[in-house]
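This report refers to the structure that appears directly beneath it.
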Amino acid sequence: MKLMLHVAPGIVRQPLIASVILETNALVNIERASIDAVSGEIVLEVPVEKSQEVMDAFERRGVKVVPLENPVIRDENECVHCGGCVSICPTGTFRFEDWRVVADSGKCIQCGACIVACPQRALNLVTK
Amino acid sequence: MLEEESPTSFYRIAYFHKLVQEKSLSEINERIRDGSARVVTAEEMPDIVDELGPAGAVREVDVVTTGTFGAMCSSGVFLNLGHSDPPIKISKALLNRVEAYGGIAAVDLFLGATQPSEDRGNEYGGAHVMEDLISGKQIEVEAFGAGTDCYPQMELETSLRLEDFNQAMMVNPRNAYQRYNAATNSSDRSMHTYMGTLLPRFGNIHYCGAGILSPLSNDPNYDYIGVGTRIFLAGAQGYVMGSGTQHNPQNHFGTLMVTGDMKKMNNRFLRAATFHKYGPSLYLGIGIPIPILNERLARSTAVRDKDITVPVMDYGIARRDRPSLKMVSYEDLKSGMVEINGKEILTSSLSSFYMAREVARTLKEQVEKGEFLLSSAVEPLSRLGSSRPMKQTKESPNVGDVMSRDMVSVCEDIDIKEAASLIVSGLFDHLPVVSRDGRLTGIITAWDISKAVASGKSSRIGDIMTRRVYCVKSDEPIELAARTFDTHSISAMPVVDRDNKVIGMITSNHLSRLLARRR
């Protein structure tokens with residue numbers, strides 16, 4: 001499953017991910033990271049069975065963790081199934097099924113590319 | 001006896017033959033009226049023709065319905081507001097802050113789909129006003145008058161719904177493209193176009209058009225579709241006014257000019273859209289039922305996705321004549337992957353095949369129920385079109401006309417001090433860095449040098465130069481250079497030839513000098 005990490009200014013320079021990996025032995029994959037001098041936003045893919053342990057480890061280090069259960073939502077009344085979101089998604093969240101656009105939300109890393117690409121403005125990121 | 005009979009029976013056979021292979025439009029309309037017409041969608045037709053042959057298909061099928069649903073930028077609506085008291089001759093009008101053209105009589109306006117709003121920019125435009133009206137919403141109207149003896153009112157504001165307009169006639173200069181070029185992007189940055197987001201370095205291909213369901217692709221000879229043909233236009237019954245603008249039938253890029261009563265339209269088939277960094281547009285559902293009058297129409301409505309081909313154009317080249325990379329069919333495009341130069345590229349559509357199907361199916365139901373009759377054309381569509389480039393009488397200079405040829409370029413291995421002295425003695429704050437054979441590999445600016453000196457980290461140019469250099473070619477118009485300066489907030493670029501060898505420099509000073517001279 002995917003976890004969104006919000007890293008506060010004071011700890012953003014610490015090797016947080018490396019230390020959590022060493023502690024938990026979890027095989028994590030960094031899907032997206034935007035880090036600057038003052039804060040960071042990181043999306044991790046974590047095996048489901050390790051997710052609680054990884055979340056706890058990050059929280060102990062002062063990182064706010066939000067599981068991305070439904071990262072992107074679609075307004076079904078607005079969507080016309082054009083496909084403008086399909087090939088531009090870096091993780092293949094959207095695909096055609098009998099020419100309906102279907103979403104596999106679990107793949108979404110909240111990069112936001114589809115939000116501006118949707119001509120009907122039918123997509124929104126869920127931010128908690 | 002035999003000799004005498006033979007001509008008669010021959011005639012009978014020929015007559016019978018004619019009966020089974022040809023039908024008249026009035027016969028088909030008769031069947032539609034009594035509910036016995038056999039109607040299929042253009043997706044079902046190819047298999048029927050494969051199985052029964054064209055003659056059999058003429059016997060079996062009366063009408064084939066087509067449908068398309070995509071962005072149709074060249075759309076708009078004539079609105080008549082009725083006269084105010086005191087009367088006003090509207091010269092400019094804003095509908096929900098979207099400007100509508102007022103240069104037609106006193107209270108007629110033309111609202112175009114792609115007009116952005118004055119307050120919300122690209123996120124709301126003419127198309128959105130249309131969708132709001134059809135959805136029953138009230139819109140705010142601000143009108144500004146010319147002030148004449150017969151129309152003294154100068155300004156007014158009012159709130160109107162669709163039913164408050166005397167007429168709301170959609171008139172779309174160019175809709176229902178027979179097929180449309182697919183788009184990709186060779187450049188190294190994402191492009192936001194009317195063909196959607198095109199990822200850098202051939203990251204994806206976008207295409208538009210319904211292929212197998214496309215109205216004009218099912219009647220490419222214009223045997224049935226012509227001036228006056230009744231069509232499904234966003235849920236209303238509209239008409240073909242004639243061939244559309246940029247109609248180019250010689251190259252199978254036919255278009256239609258269409259009209260229909262907006263008051264009868266359905267917001268399921270008319271949807272406002274915004275293309276990021278392009279602007280508003282209108283998604284429209286258009287369908288045309290085609291009567292199977294003869295074998296030729298049976299054959300043309302049996303067209304499949306694989307029979308309709310389009311070029312994949314490189315939108316990374318910001319010129320009118322974009323290079324075509326490959327011819328592909330709608331079957332290829334719909335497969336989700338197309339190979340170009342050995343690379344597999346993801347494809348996806350921007351028009352909705354899902355909704356195109358809904359248009360064709362809705363139209364099929366309407367014909368079956370006897371609600372939609374077919375009409376014979378007053379005149380055929382033009383078989384010759386014109387989609388020539390613009391005649392540009394005021395020539396704009398190319399980069400080569402204004403650039404400096406007097407410039408110095410350097411190799412990667414010189415040190416910072418040497419570069420600094422070249423900048424001081426030269427004309428520019430920028431030094432192009434080139435390989436031994438003169439090809440552009442990077443650029444160094446006075447700022448890069450200051451930064452390197454301040455940090456004291458490196459003294460070799462190759463370590464501190466920018467390798468991702470924006471550049472132009474000498475035969476490109478200066479407008480392209482200006483847009484590159486603007487988009488990337490830079491002030492100078494090397495000019496290169498076809499082999500990427502540096503032949504000059506162009507700076508924002510060159511452009512401002514040019515502007516100053518013009519005035």
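By convention here, the chains of the structure tokens are called A, B, ... in the order presented, each chain's residues are numbered starting at 1, and ligands are numbered starting at 1 in the order presented.
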Based on DSSP run over this structure's backbone, return all residues of chain A in strand (DSSP E or B), as JSON, numbers by chain. {"A": [2, 3, 4, 5, 6, 7, 29, 30, 31, 32, 33, 34, 35, 40, 41, 42, 43, 44, 45, 64, 65, 66, 67, 72, 73, 74, 94, 95, 96, 97, 100, 101, 102, 103, 123, 124, 125]}
Interface list for chain B, partner chain A, 6 Å threshold, only C-alpha atoms, as a PyMOL selection string: chain B and resi 197+273-276+346+348-352+354
Could you tell me how far CA of Asp321 in chain B lies from CA of Glu344 in chain B, in Å and to one decimal?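 If I compute the distance from CA of Asp321 in chain B to CA of Glu344 in chain B, I get 24.5 Å.
In this comparison, which uses only C-alpha atoms, the residue of B:Leu79, B:Ala446, B:Val496, B:Val49 approaching Gly102 in chain B most closely is B:Leu79.
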What is the distance, in Å and to one decimal place, between CA of Thr362 in chain B and CA of Gln246 in chain B?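 Computing the Euclidean distance for CA of Thr362 in chain B and CA of Gln246 in chain B yields 29.1 Å.
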Neighbour list for Val7 in chain A as an mmCIF file with N, CA and C atoms, in the first residue's frame, cut-off 7 Å, only C-alpha atoms, skip fewer than 5 positions in-chain:
```cif
data_model
loop_
_atom_site.group_PDB
_atom_site.id
_atom_site.type_symbol
_atom_site.label_atom_id
_atom_site.label_comp_id
_atom_site.auth_asym_id
_atom_site.auth_seq_id
_atom_site.Cartn_x
_atom_site.Cartn_y
_atom_site.Cartn_z
ATOM 1 N N VAL A 12 13.959 17.238 8.139
ATOM 2 C CA VAL A 12 13.983 16.866 6.732
ATOM 3 C C VAL A 12 15.361 16.430 6.242
ATOM 4 N N SER A 39 10.946 21.485 3.912
ATOM 5 C CA SER A 39 10.004 20.401 4.215
ATOM 6 C C SER A 39 10.037 19.363 3.104
ATOM 7 N N GLY A 40 9.268 18.312 3.315
ATOM 8 C CA GLY A 40 9.266 17.257 2.302
ATOM 9 C C GLY A 40 7.952 16.521 2.248
ATOM 10 N N GLU A 41 7.661 15.989 1.060
ATOM 11 C CA GLU A 41 6.460 15.180 0.856
ATOM 12 C C GLU A 41 6.926 13.957 0.087
ATOM 13 N N VAL A 63 7.497 11.963 11.841
ATOM 14 C CA VAL A 63 6.963 12.139 10.491
ATOM 15 C C VAL A 63 5.460 11.880 10.522
ATOM 16 N N LYS A 64 4.693 12.753 9.887
ATOM 17 C CA LYS A 64 3.247 12.533 9.805
ATOM 18 C C LYS A 64 2.970 11.589 8.638
#
```
What's the 6 Å shell around range 36-42 of chain B, counting only C-alpha atoms, without same-chain residues fewer than 4 positions away, as a ChimeraX atom specification? /B:31-32,61-66,213
Could you turn the residues from that selection into a file that holds N, CA, C and O atoms, as an mmCIF file, in the first residue's frame?
```cif
data_model
loop_
_atom_site.group_PDB
_atom_site.id
_atom_site.type_symbol
_atom_site.label_atom_id
_atom_site.label_comp_id
_atom_site.auth_asym_id
_atom_site.auth_seq_id
_atom_site.Cartn_x
_atom_site.Cartn_y
_atom_site.Cartn_z
ATOM 1 N N ARG B 31 -40.559 2.877 -43.822
ATOM 2 C CA ARG B 31 -40.311 1.826 -42.822
ATOM 3 C C ARG B 31 -40.008 2.414 -41.442
ATOM 4 O O ARG B 31 -40.381 1.828 -40.430
ATOM 5 N N ILE B 32 -39.310 3.537 -41.445
ATOM 6 C CA ILE B 32 -39.028 4.176 -40.140
ATOM 7 C C ILE B 32 -40.345 4.604 -39.501
ATOM 8 O O ILE B 32 -40.587 4.382 -38.314
ATOM 9 N N VAL B 61 -30.289 -4.364 -44.117
ATOM 10 C CA VAL B 61 -30.130 -3.168 -43.269
ATOM 11 C C VAL B 61 -30.688 -1.939 -43.975
ATOM 12 O O VAL B 61 -30.420 -1.710 -45.152
ATOM 13 N N ASP B 62 -31.479 -1.166 -43.251
ATOM 14 C CA ASP B 62 -32.015 0.074 -43.822
ATOM 15 C C ASP B 62 -31.173 1.296 -43.440
ATOM 16 O O ASP B 62 -30.945 2.173 -44.254
ATOM 17 N N VAL B 63 -30.759 1.332 -42.171
ATOM 18 C CA VAL B 63 -30.052 2.526 -41.690
ATOM 19 C C VAL B 63 -28.864 2.111 -40.819
ATOM 20 O O VAL B 63 -28.983 1.209 -39.990
ATOM 21 N N VAL B 64 -27.738 2.790 -41.011
ATOM 22 C CA VAL B 64 -26.564 2.624 -40.152
ATOM 23 C C VAL B 64 -26.363 3.935 -39.401
ATOM 24 O O VAL B 64 -26.277 4.998 -40.016
ATOM 25 N N THR B 65 -26.325 3.856 -38.068
ATOM 26 C CA THR B 65 -26.122 5.105 -37.321
ATOM 27 C C THR B 65 -24.657 5.252 -36.929
ATOM 28 O O THR B 65 -24.006 4.290 -36.533
ATOM 29 N N THR B 66 -24.166 6.486 -37.050
ATOM 30 C CA THR B 66 -22.782 6.804 -36.699
ATOM 31 C C THR B 66 -22.803 7.721 -35.480
ATOM 32 O O THR B 66 -23.866 8.196 -35.072
ATOM 33 N N LEU B 213 -16.860 4.595 -36.039
ATOM 34 C CA LEU B 213 -18.173 5.238 -35.851
ATOM 35 C C LEU B 213 -18.235 6.642 -36.469
ATOM 36 O O LEU B 213 -19.301 7.265 -36.476
#
```
Determine which residues of range 182-238 of chain B receive a DSSP assignment of helix (DSSP H, G or I), computed from the backbone, and state them as a PyMOL selection string. chain B and resi 211-213+216-218
Contacts of Pro67 in chain A within 7 Å, only C-alpha atoms, excl. fewer than 2 positions in-chain, as a PyMOL selection string: chain A and resi 2-4+65+69
Any chance you can output those residues with N, CA and C atoms as a PDB file, in the first residue's frame?
```
ATOM      1  N   LYS A   2       0.225   2.377  -0.299  1.00  0.00           N
ATOM      2  CA  LYS A   2       1.006   3.607  -0.406  1.00  0.00           C
ATOM      3  C   LYS A   2       0.825   4.495   0.829  1.00  0.00           C
ATOM      4  N   LEU A   3       1.944   5.045   1.277  1.00  0.00           N
ATOM      5  CA  LEU A   3       1.919   5.953   2.426  1.00  0.00           C
ATOM      6  C   LEU A   3       2.439   7.314   1.994  1.00  0.00           C
ATOM      7  N   MET A   4       1.745   8.351   2.407  1.00  0.00           N
ATOM      8  CA  MET A   4       2.224   9.706   2.170  1.00  0.00           C
ATOM      9  C   MET A   4       2.896  10.198   3.443  1.00  0.00           C
ATOM     10  N   VAL A  65       2.272  10.483   8.916  1.00  0.00           N
ATOM     11  CA  VAL A  65       2.039   9.474   7.875  1.00  0.00           C
ATOM     12  C   VAL A  65       0.550   9.365   7.566  1.00  0.00           C
ATOM     13  N   GLU A  69      -5.346   5.761   0.795  1.00  0.00           N
ATOM     14  CA  GLU A  69      -6.314   4.719   0.482  1.00  0.00           C
ATOM     15  C   GLU A  69      -7.066   5.023  -0.805  1.00  0.00           C
TER      16      GLU A  69
END
```
